[in-house]
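One file, structure-v9.pdb, is given below (PDB, C-alpha atoms).
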```pdb
MODEL        1
ATOM      1  CA  MET J   1      62.439 103.696 165.888
ATOM      2  CA  ALA J   2      59.212 101.860 165.096
ATOM      3  CA  ARG J   3      57.852 101.719 161.573
ATOM      4  CA  LYS J   4      54.491 103.162 160.549
ATOM      5  CA  GLU J   5      53.777 100.464 157.937
ATOM      6  CA  LYS J   6      54.556  96.781 157.655
ATOM      7  CA  PRO J   7      57.336  95.841 155.242
ATOM      8  CA  SER J   8      56.680  94.492 151.770
ATOM      9  CA  GLY J   9      57.731  91.000 150.800
ATOM     10  CA  LYS J  10      60.166  92.497 148.285
ATOM     11  CA  GLU J  11      61.810  94.625 150.992
ATOM     12  CA  ILE J  12      62.297  91.550 153.186
ATOM     13  CA  ALA J  13      63.694  89.475 150.296
ATOM     14  CA  GLU J  14      66.180  92.229 149.428
ATOM     15  CA  LYS J  15      67.377  92.557 153.020
ATOM     16  CA  ALA J  16      67.698  88.770 153.318
ATOM     17  CA  LYS J  17      70.320  88.794 150.551
ATOM     18  CA  HIS J  18      72.714  90.648 152.864
ATOM     19  CA  VAL J  19      72.421  88.697 156.117
ATOM     20  CA  LYS J  20      74.732  86.156 157.694
ATOM     21  CA  LEU J  21      73.217  83.011 159.174
ATOM     22  CA  GLU J  22      74.650  81.794 162.476
ATOM     23  CA  ARG J  23      74.768  78.091 161.594
ATOM     24  CA  TYR J  24      75.880  77.267 165.151
ATOM     25  CA  ASN J  25      72.761  79.057 166.459
ATOM     26  CA  SER J  26      70.194  76.722 164.958
ATOM     27  CA  LYS J  27      67.582  74.511 166.589
ATOM     28  CA  GLN J  28      65.278  71.875 165.229
ATOM     29  CA  GLY J  29      62.171  70.322 166.707
ATOM     30  CA  GLU J  30      59.878  67.537 165.605
ATOM     31  CA  ILE J  31      56.241  66.700 166.177
ATOM     32  CA  ASN J  32      54.339  63.825 164.598
ATOM     33  CA  GLY J  33      57.354  63.042 162.396
ATOM     34  CA  LYS J  34      57.497  66.568 160.908
ATOM     35  CA  LYS J  35      60.407  68.920 161.584
ATOM     36  CA  ALA J  36      60.822  72.650 162.004
ATOM     37  CA  LYS J  37      64.250  74.291 162.078
ATOM     38  CA  PHE J  38      65.149  77.903 162.842
ATOM     39  CA  THR J  39      68.579  79.434 162.216
ATOM     40  CA  ALA J  40      69.280  82.853 163.714
ATOM     41  CA  ILE J  41      70.930  85.737 161.866
ATOM     42  CA  ASN J  42      74.041  87.502 163.158
ATOM     43  CA  LEU J  43      72.816  90.872 164.446
ATOM     44  CA  THR J  44      75.858  91.881 166.503
ATOM     45  CA  HIS J  45      76.137  95.032 164.369
ATOM     46  CA  LEU J  46      73.110  96.526 166.154
ATOM     47  CA  LYS J  47      74.179  99.196 168.619
ATOM     48  CA  SER J  48      71.028  98.997 170.755
ATOM     49  CA  ALA J  49      67.805  97.084 171.131
ATOM     50  CA  ASP J  50      66.019 100.172 169.783
ATOM     51  CA  GLU J  51      67.647  99.649 166.366
ATOM     52  CA  LEU J  52      65.789  96.361 166.133
ATOM     53  CA  GLU J  53      62.477  98.260 166.006
ATOM     54  CA  GLU J  54      63.231  99.517 162.482
ATOM     55  CA  GLY J  55      62.960  95.958 161.218
ATOM     56  CA  HIS J  56      65.485  93.255 160.406
ATOM     57  CA  VAL J  57      65.622  89.774 158.996
ATOM     58  CA  VAL J  58      66.264  87.788 162.179
ATOM     59  CA  GLY J  59      66.390  84.212 160.925
ATOM     60  CA  GLU J  60      65.611  81.508 158.446
ATOM     61  CA  LEU J  61      62.805  79.029 159.083
ATOM     62  CA  GLU J  62      62.641  75.653 157.352
ATOM     63  CA  THR J  63      59.504  73.751 158.275
ATOM     64  CA  GLU J  64      57.619  70.624 157.319
ATOM     65  CA  LEU J  65      54.877  71.742 159.725
ATOM     66  CA  GLU J  66      51.952  73.943 158.896
ATOM     67  CA  GLY J  67      51.473  76.874 161.249
ATOM     68  CA  ASP J  68      48.527  75.719 163.356
ATOM     69  CA  GLU J  69      47.341  79.232 164.056
ATOM     70  CA  THR J  70      48.565  81.056 160.956
ATOM     71  CA  GLY J  71      48.187  78.529 158.140
ATOM     72  CA  LEU J  72      51.859  79.018 157.243
ATOM     73  CA  PRO J  73      52.499  76.216 154.730
ATOM     74  CA  PRO J  74      55.576  73.980 154.946
ATOM     75  CA  GLY J  75      58.584  75.603 153.290
ATOM     76  CA  LYS J  76      61.648  77.786 153.742
ATOM     77  CA  TYR J  77      61.187  81.389 154.913
ATOM     78  CA  ASN J  78      63.057  84.518 155.858
ATOM     79  CA  ILE J  79      61.697  85.767 159.188
ATOM     80  CA  TYR J  80      61.499  89.541 159.549
ATOM     81  CA  LEU J  81      60.923  91.242 162.895
ATOM     82  CA  ALA J  82      59.795  94.872 163.270
ATOM     83  CA  LYS J  83      57.891  97.142 165.579
ATOM     84  CA  VAL J  84      54.973  98.537 163.557
ATOM     85  CA  ASN J  85      52.792 101.262 165.050
ATOM     86  CA  GLY J  86      54.060 100.430 168.528
ATOM     87  CA  ASP J  87      53.562  96.635 168.388
ATOM     88  CA  TRP J  88      56.026  93.862 167.520
ATOM     89  CA  HIS J  89      55.295  91.813 164.396
ATOM     90  CA  ALA J  90      57.101  88.998 162.605
ATOM     91  CA  TYR J  91      56.582  88.002 158.981
ATOM     92  CA  ALA J  92      57.471  84.848 157.062
ATOM     93  CA  GLU J  93      58.615  85.768 153.536
ATOM     94  CA  SER J  94      59.392  83.566 150.558
ATOM     95  CA  GLY J  95      59.984  84.574 146.945
ATOM     96  CA  GLY J  96      59.344  88.254 147.658
ATOM     97  CA  THR J  97      55.905  87.593 149.188
ATOM     98  CA  ILE J  98      54.821  87.676 152.812
ATOM     99  CA  ILE J  99      53.232  84.258 153.289
ATOM    100  CA  ALA J 100      52.111  84.624 156.916
ATOM    101  CA  GLU J 101      52.386  86.853 159.947
ATOM    102  CA  ALA J 102      53.255  85.329 163.314
ATOM    103  CA  VAL J 103      50.319  85.107 165.680
ATOM    104  CA  ARG J 104      52.370  85.967 168.784
ATOM    105  CA  VAL J 105      55.615  87.912 169.057
ATOM    106  CA  THR J 106      57.363  88.900 172.260
ATOM    107  CA  VAL J 107      60.500  90.996 172.526
ATOM    108  CA  GLU J 108      61.746  91.493 176.080
ATOM    109  CA  PRO J 109      64.879  93.087 177.550
ATOM    110  CA  HIS J 110      67.145  90.331 178.786
ATOM    111  CA  GLU J 111      70.570  90.599 180.351
ATOM    112  CA  GLU J 112      71.595  87.120 181.378
ATOM    113  CA  GLY J 113      70.811  83.495 180.778
ATOM    114  CA  GLU J 114      70.863  81.236 177.742
ATOM    115  CA  PHE J 115      72.514  82.874 174.739
ATOM    116  CA  LYS J 116      71.603  80.406 172.019
ATOM    117  CA  LEU J 117      68.339  79.230 170.565
ATOM    118  CA  GLN J 118      66.129  77.195 172.798
ATOM    119  CA  GLU J 119      64.367  74.064 171.657
ATOM    120  CA  PRO J 120      61.159  74.978 169.825
ATOM    121  CA  THR J 121      57.992  74.699 171.838
ATOM    122  CA  PHE J 122      54.970  72.902 170.455
ATOM    123  CA  ASN J 123      51.538  73.674 171.866
ATOM    124  CA  PRO J 124      48.068  72.489 170.892
ATOM    125  CA  ASP J 125      47.549  75.891 169.275
ATOM    126  CA  GLY J 126      50.855  76.340 167.453
ATOM    127  CA  TRP J 127      54.629  76.320 167.780
ATOM    128  CA  CYS J 128      57.264  78.881 168.720
ATOM    129  CA  PHE J 129      60.986  79.566 168.510
ATOM    130  CA  CYS J 130      62.649  81.695 171.198
ATOM    131  CA  TRP J 131      66.213  83.009 171.315
ATOM    132  CA  CYS J 132      68.387  85.891 172.420
ATOM    133  CA  ILE J 133      69.674  88.557 170.096
ATOM    134  CA  LEU J 134      73.262  89.157 171.112
ATOM    135  CA  HIS J 135      75.249  92.338 171.478
ATOM    136  CA  VAL J 136      78.725  92.666 170.041
ATOM    137  CA  TRP J 137      80.179  91.542 173.401
ATOM    138  CA  TRP J 138      77.983  88.422 173.372
ATOM    139  CA  TRP J 139      75.563  89.782 175.930
ATOM    140  CA  CYS J 140      71.953  88.875 175.456
ATOM    141  CA  VAL J 141      70.208  92.166 174.729
ATOM    142  CA  VAL J 142      66.657  90.992 174.042
ATOM    143  CA  ARG J 143      64.831  87.678 174.161
ATOM    144  CA  VAL J 144      62.545  87.119 171.167
ATOM    145  CA  CYS J 145      59.759  84.552 170.761
ATOM    146  CA  ILE J 146      57.930  84.129 167.461
ATOM    147  CA  CYS J 147      54.941  81.786 167.179
ATOM    148  CA  PHE J 148      53.236  80.394 164.101
TER     149      PHE J 148
ENDMDL
END
```

Would you mind writing the file's structure down as structure tokens?
Amino acid sequence: MARKEKPSGKEIAEKAKHVKLERYNSKQGEINGKKAKFTAINLTHLKSADELEEGHVVGELETELEGDETGLPPGKYNIYLAKVNGDWHAYAESGGTIIAEAVRVTVEPHEEGEFKLQEPTFNPDGWCFCWCILHVWWWCVVRVCICF
């Protein structure tokens, strides 16, 4: 069920303490000699895509790049995804503070195709990471793209 308010940075930091990174589900990209790496979180405990709406830490972002569209500074962040007032949002948190909100977030039902992270995409107006959130049986339940 969707949230009515965005999470606090402290809420995200607390939830991040209890997540498991999928080190094998990590992708890195580079532009102009600067790297950005995203590592997905294991979310196989979710019983449905609807549970994702409540909000979850979905990955860890380590970047040397500034977010072209968001001003996200280089650093290491927990990425939190939630549906707030009917719309999907993603937040980059560090040290208990939300540093930036993603400028574009898409969450789409997806039943087949690539299961792991895709290479990041770099555009003149920003950069994005896209991946599938897997079900317990390793089916791709939803495809998520988050752009900074």

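Residues having any atom no farther than 9 Å from (59.7, 83.5, 169.2) (counting only C-alpha atoms) are Ala90, Ala102, Arg104, Val105, Thr106, Val107, Pro120, Trp127, Cys128, Phe129, Cys130, Trp131, Arg143, Val144, Cys145, Ile146, Cys147 and Phe148 of chain J.
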
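When all atoms listed in the file are used to compute distances to Gly55 (chain J), the closest of the residues J:His18, J:Lys10, J:Tyr91, J:Thr97 turns out to be J:Tyr91.
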
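CA of Val142 (chain J) is found 24.0 Å from CA of Ala13 (chain J).
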
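Proximity to Ile31 (chain J) was assessed for J:Glu108, J:Glu66, J:Glu101, J:Asp87 counting only C-alpha atoms; the smallest distance is recorded for J:Glu66.
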
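Proximity of J:Ser26, J:Thr44, J:Gly96, J:Trp88 to Glu62 (chain J), computed with all atoms listed in the file, is greatest for J:Ser26.
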
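Put simply, the PyMOL selection byres ((chain J and resi 73-76) around 6) on this file hits J:Leu61, J:Glu62, J:Thr63, J:Glu64, J:Leu65, J:Glu66, J:Gly71, J:Leu72, J:Tyr77.
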
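Of the residues under consideration (J:Lys4, J:Glu22, J:Glu60, J:Glu54), J:Glu60 shows the shortest atom-to-atom contact distance to Ala36 (chain J) when counting all atoms listed in the file.
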
Record the distance separating CA of Ser94 (chain J) and CA of Leu46 (chain J), expressed in Å with one decimal. 24.5 Å

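Between CA of Glu93 (chain J) and CA of Tyr24 (chain J) lies a distance of 22.5 Å.
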
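With only C-alpha atoms as the atoms that count, the residue of J:Thr39, J:Arg23, J:Ala100, J:Glu14 with the shortest distance to Gly67 (chain J) is J:Ala100.
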
Selection near Lys17 (chain J), 10 Å with all atoms listed in the file, sequence-local residues under 5 positions removed, as a CSV table (one decimal) with C-alpha atoms, in the coordinates of the input:
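The new file around.csv reads:
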```csv
chain,number,residue,atom,x,y,z
J,12,ILE,CA,62.3,91.6,153.2
J,57,VAL,CA,65.6,89.8,159.0
J,78,ASN,CA,63.1,84.5,155.9
```

Adding 4 Å on each side of the box along x, y and z that holds all listed atoms of region 53-68 of chain J, could you give its centre and edge lengths in Å to one decimal, as JSON?
```
{"center_x": 57.5, "center_y": 85.1, "center_z": 161.7, "size_x": 25.9, "size_y": 36.9, "size_z": 16.7}
```

I'd like to know which of J:Lys15, J:Lys37, J:Lys20, J:His45 is closest to Leu81 (chain J), using all atoms listed in the file. J:Lys15

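Those residues returned by the PyMOL selection byres ((chain J and resi 5) around 10) for this file are Ala2, Arg3, Lys4, Lys6, Pro7, Ser8, Ala82, Lys83, Val84 and Asn85 of chain J.
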
Resulting file, chosen residues, C-alpha atoms, as a short mmCIF file (atom, residue, chain, number, x, y, z; two decimals), in the coordinates of the input:
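Ended up saving to out30.cif:
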```cif
data_model
loop_
_atom_site.label_atom_id
_atom_site.label_comp_id
_atom_site.auth_asym_id
_atom_site.auth_seq_id
_atom_site.Cartn_x
_atom_site.Cartn_y
_atom_site.Cartn_z
CA ALA J 2 59.21 101.86 165.10
CA ARG J 3 57.85 101.72 161.57
CA LYS J 4 54.49 103.16 160.55
CA LYS J 6 54.56 96.78 157.66
CA PRO J 7 57.34 95.84 155.24
CA SER J 8 56.68 94.49 151.77
CA ALA J 82 59.80 94.87 163.27
CA LYS J 83 57.89 97.14 165.58
CA VAL J 84 54.97 98.54 163.56
CA ASN J 85 52.79 101.26 165.05
#
```
